$ cat my_file-v2.cif   # mmCIF, C-alpha atoms
data_coords
#
loop_
_atom_site.group_PDB
_atom_site.id
_atom_site.type_symbol
_atom_site.label_atom_id
_atom_site.label_comp_id
_atom_site.auth_asym_id
_atom_site.auth_seq_id
_atom_site.Cartn_x
_atom_site.Cartn_y
_atom_site.Cartn_z
ATOM 1 C CA MET A 1 -31.322 26.557 0.464
ATOM 2 C CA GLN A 2 -28.672 25.625 -2.080
ATOM 3 C CA THR A 3 -29.520 24.237 -5.455
ATOM 4 C CA ARG A 4 -28.267 20.892 -6.679
ATOM 5 C CA ALA A 5 -25.819 22.629 -9.069
ATOM 6 C CA ALA A 6 -24.366 24.725 -6.235
ATOM 7 C CA LEU A 7 -23.851 21.626 -4.092
ATOM 8 C CA ALA A 8 -22.122 19.808 -6.968
ATOM 9 C CA LYS A 9 -19.706 22.730 -7.464
ATOM 10 C CA SER A 10 -18.774 22.739 -3.771
ATOM 11 C CA ASP A 11 -17.528 19.125 -4.050
ATOM 12 C CA ARG A 12 -15.334 19.868 -7.023
ATOM 13 C CA GLY A 13 -11.748 18.693 -6.444
ATOM 14 C CA GLU A 14 -12.714 16.348 -3.617
ATOM 15 C CA GLY A 15 -11.543 13.300 -5.578
ATOM 16 C CA ALA A 16 -8.028 14.686 -6.014
ATOM 17 C CA VAL A 17 -7.774 15.560 -2.327
ATOM 18 C CA SER A 18 -8.850 12.040 -1.383
ATOM 19 C CA TYR A 19 -6.284 10.459 -3.694
ATOM 20 C CA ILE A 20 -3.502 12.649 -2.295
ATOM 21 C CA ALA A 21 -4.515 11.764 1.264
ATOM 22 C CA VAL A 22 -4.385 8.033 0.472
ATOM 23 C CA ILE A 23 -0.971 8.392 -1.214
ATOM 24 C CA ILE A 24 0.395 10.259 1.814
ATOM 25 C CA LEU A 25 -1.019 7.613 4.152
ATOM 26 C CA ILE A 26 0.571 4.777 2.160
ATOM 27 C CA ALA A 27 3.901 6.623 2.016
ATOM 28 C CA GLY A 28 3.800 7.059 5.791
ATOM 29 C CA ILE A 29 3.114 3.370 6.353
ATOM 30 C CA LEU A 30 5.931 2.355 3.993
ATOM 31 C CA ALA A 31 8.333 4.766 5.700
ATOM 32 C CA ALA A 32 7.426 3.350 9.116
ATOM 33 C CA ILE A 33 8.026 -0.184 7.853
ATOM 34 C CA ALA A 34 11.388 0.792 6.356
ATOM 35 C CA VAL A 35 12.583 2.543 9.524
ATOM 36 C CA SER A 36 11.369 -0.104 11.973
ATOM 37 C CA GLY A 37 13.209 -3.028 10.373
ATOM 38 C CA ILE A 38 10.069 -5.120 10.143
ATOM 39 C CA GLY A 39 10.535 -5.131 6.364
ATOM 40 C CA THR A 40 13.259 -7.769 6.739
ATOM 41 C CA LYS A 41 10.897 -10.006 8.704
ATOM 42 C CA ILE A 42 8.199 -9.561 6.066
ATOM 43 C CA GLN A 43 10.679 -10.367 3.289
ATOM 44 C CA THR A 44 11.852 -13.505 5.104
ATOM 45 C CA GLY A 45 8.259 -14.628 5.628
ATOM 46 C CA ILE A 46 7.397 -14.122 1.965
ATOM 47 C CA GLU A 47 10.541 -15.968 0.848
ATOM 48 C CA THR A 48 9.719 -18.851 3.190
ATOM 49 C CA ALA A 49 6.138 -19.063 1.906
ATOM 50 C CA ILE A 50 7.321 -19.032 -1.709
ATOM 51 C CA GLY A 51 9.894 -21.683 -0.832
ATOM 52 C CA LYS A 52 7.165 -23.916 0.596
ATOM 53 C CA VAL A 53 5.079 -23.541 -2.551
ATOM 54 C CA THR A 54 8.011 -24.143 -4.914
ATOM 55 C CA SER A 55 9.689 -26.737 -2.630
ATOM 56 C CA THR A 56 12.892 -24.687 -2.275
ATOM 57 C CA GLN A 57 14.471 -23.094 0.746
ATOM 58 C CA PRO A 58 15.499 -19.416 0.863
ATOM 59 C CA GLY A 59 19.211 -19.015 0.189
ATOM 60 C CA SER A 60 19.653 -22.493 -1.302
ATOM 61 C CA ALA A 61 21.310 -23.098 -4.685
ATOM 62 C CA ASN A 62 17.895 -23.777 -6.292
ATOM 63 C CA SER A 63 16.451 -20.523 -5.030
ATOM 64 C CA ALA A 64 16.152 -17.527 -7.401
ATOM 65 C CA SER A 65 17.600 -15.074 -4.860
#
$ encode --input "my_file-v2.cif" --output "structure tokens"
Amino acid sequence: MQTRAALAKSDRGEGAVSYIAVIILIAGILAAIAVSGIGTKIQTGIETAIGKVTSTQPGSANSAS
């Protein structure tokens, strides 16, 4: 039977491994979005939503982009 101190030492570094795994997962998702072309659709949707809130249309003279 392991003591509490021995169990605590065996988990050392687990936080860093978890953070690295999450960063790799996010990078993979972003790479998939960039390669698939869906990023353009997302950008257009966001611009349209902002345009509705600010009463401007994407690409118009009043628009910031």
$ axis_aligned_box --input "my_file-v2.cif" --around "stretch 42-55 of chain A" --padding-each-side "4 Å" --output "lines of an AutoDock Vina configuration file"
center_x = 8.5
center_y = -18.1
center_z = 0.6
size_x = 14.8
size_y = 25.2
size_z = 19.0
$ atom_distance --input "my_file-v2.cif" --atom1 "atom CA of A:Ser55" --atom2 "atom CA of A:Gly39"
23.4 Å
$ atom_distance --input "my_file-v2.cif" --atom1 "atom CA of A:Thr54" --atom2 "atom CA of A:Lys41"
19.8 Å
$ atom_distance --input "my_file-v2.cif" --atom1 "atom CA of A:Ile33" --atom2 "atom CA of A:Gly45"
14.6 Å
$ build_atoms --input "my_file-v2.cif" --residues "stretch 32-54 of chain A" --atoms "N, CA, C and O atoms" --output "mmCIF file, in the frame of the given file"
data_model
loop_
_atom_site.group_PDB
_atom_site.id
_atom_site.type_symbol
_atom_site.label_atom_id
_atom_site.label_comp_id
_atom_site.auth_asym_id
_atom_site.auth_seq_id
_atom_site.Cartn_x
_atom_site.Cartn_y
_atom_site.Cartn_z
ATOM 1 N N ALA A 32 7.373 3.956 7.781
ATOM 2 C CA ALA A 32 7.426 3.350 9.116
ATOM 3 C C ALA A 32 7.951 1.924 9.046
ATOM 4 O O ALA A 32 8.742 1.499 9.890
ATOM 5 N N ILE A 33 7.546 1.188 8.030
ATOM 6 C CA ILE A 33 8.026 -0.184 7.853
ATOM 7 C C ILE A 33 9.524 -0.180 7.564
ATOM 8 O O ILE A 33 10.277 -0.984 8.114
ATOM 9 N N ALA A 34 9.973 0.728 6.717
ATOM 10 C CA ALA A 34 11.388 0.792 6.356
ATOM 11 C C ALA A 34 12.254 1.155 7.555
ATOM 12 O O ALA A 34 13.329 0.594 7.755
ATOM 13 N N VAL A 35 11.796 2.084 8.378
ATOM 14 C CA VAL A 35 12.583 2.543 9.524
ATOM 15 C C VAL A 35 12.579 1.515 10.650
ATOM 16 O O VAL A 35 13.589 1.321 11.326
ATOM 17 N N SER A 36 11.493 0.799 10.834
ATOM 18 C CA SER A 36 11.369 -0.104 11.973
ATOM 19 C C SER A 36 12.138 -1.410 11.804
ATOM 20 O O SER A 36 12.392 -2.099 12.777
ATOM 21 N N GLY A 37 12.504 -1.779 10.594
ATOM 22 C CA GLY A 37 13.209 -3.028 10.373
ATOM 23 C C GLY A 37 12.290 -4.221 10.211
ATOM 24 O O GLY A 37 12.757 -5.336 10.010
ATOM 25 N N ILE A 38 11.014 -4.017 10.301
ATOM 26 C CA ILE A 38 10.069 -5.120 10.143
ATOM 27 C C ILE A 38 10.014 -5.590 8.688
ATOM 28 O O ILE A 38 9.594 -6.699 8.407
ATOM 29 N N GLY A 39 10.510 -4.754 7.779
ATOM 30 C CA GLY A 39 10.535 -5.131 6.364
ATOM 31 C C GLY A 39 11.334 -6.394 6.123
ATOM 32 O O GLY A 39 10.974 -7.224 5.295
ATOM 33 N N THR A 40 12.439 -6.566 6.871
ATOM 34 C CA THR A 40 13.259 -7.769 6.739
ATOM 35 C C THR A 40 12.479 -9.006 7.168
ATOM 36 O O THR A 40 12.557 -10.053 6.527
ATOM 37 N N LYS A 41 11.710 -8.877 8.246
ATOM 38 C CA LYS A 41 10.897 -10.006 8.704
ATOM 39 C C LYS A 41 9.822 -10.351 7.684
ATOM 40 O O LYS A 41 9.538 -11.517 7.442
ATOM 41 N N ILE A 42 9.224 -9.334 7.083
ATOM 42 C CA ILE A 42 8.199 -9.561 6.066
ATOM 43 C C ILE A 42 8.823 -10.245 4.856
ATOM 44 O O ILE A 42 8.273 -11.210 4.320
ATOM 45 N N GLN A 43 10.000 -9.769 4.432
ATOM 46 C CA GLN A 43 10.679 -10.367 3.289
ATOM 47 C C GLN A 43 11.008 -11.827 3.558
ATOM 48 O O GLN A 43 10.791 -12.692 2.709
ATOM 49 N N THR A 44 11.514 -12.126 4.751
ATOM 50 C CA THR A 44 11.852 -13.505 5.104
ATOM 51 C C THR A 44 10.605 -14.384 5.091
ATOM 52 O O THR A 44 10.632 -15.514 4.596
ATOM 53 N N GLY A 45 9.507 -13.876 5.621
ATOM 54 C CA GLY A 45 8.259 -14.628 5.628
ATOM 55 C C GLY A 45 7.756 -14.916 4.227
ATOM 56 O O GLY A 45 7.301 -16.034 3.935
ATOM 57 N N ILE A 46 7.844 -13.934 3.349
ATOM 58 C CA ILE A 46 7.397 -14.122 1.965
ATOM 59 C C ILE A 46 8.296 -15.140 1.265
ATOM 60 O O ILE A 46 7.816 -16.036 0.560
ATOM 61 N N GLU A 47 9.616 -15.019 1.468
ATOM 62 C CA GLU A 47 10.541 -15.968 0.848
ATOM 63 C C GLU A 47 10.283 -17.393 1.344
ATOM 64 O O GLU A 47 10.331 -18.349 0.573
ATOM 65 N N THR A 48 10.006 -17.533 2.632
ATOM 66 C CA THR A 48 9.719 -18.851 3.190
ATOM 67 C C THR A 48 8.439 -19.434 2.592
ATOM 68 O O THR A 48 8.388 -20.613 2.226
ATOM 69 N N ALA A 49 7.406 -18.602 2.480
ATOM 70 C CA ALA A 49 6.138 -19.063 1.906
ATOM 71 C C ALA A 49 6.313 -19.470 0.441
ATOM 72 O O ALA A 49 5.796 -20.503 0.016
ATOM 73 N N ILE A 50 7.065 -18.681 -0.304
ATOM 74 C CA ILE A 50 7.321 -19.032 -1.709
ATOM 75 C C ILE A 50 8.133 -20.316 -1.772
ATOM 76 O O ILE A 50 7.886 -21.181 -2.618
ATOM 77 N N GLY A 51 9.089 -20.461 -0.872
ATOM 78 C CA GLY A 51 9.894 -21.683 -0.832
ATOM 79 C C GLY A 51 9.048 -22.915 -0.557
ATOM 80 O O GLY A 51 9.278 -23.977 -1.130
ATOM 81 N N LYS A 52 8.055 -22.791 0.312
ATOM 82 C CA LYS A 52 7.165 -23.916 0.596
ATOM 83 C C LYS A 52 6.339 -24.288 -0.633
ATOM 84 O O LYS A 52 6.111 -25.460 -0.902
ATOM 85 N N VAL A 53 5.893 -23.286 -1.367
ATOM 86 C CA VAL A 53 5.079 -23.541 -2.551
ATOM 87 C C VAL A 53 5.922 -24.157 -3.661
ATOM 88 O O VAL A 53 5.491 -25.077 -4.351
ATOM 89 N N THR A 54 7.151 -23.664 -3.824
ATOM 90 C CA THR A 54 8.011 -24.143 -4.914
ATOM 91 C C THR A 54 8.956 -25.255 -4.463
ATOM 92 O O THR A 54 9.791 -25.697 -5.229
#
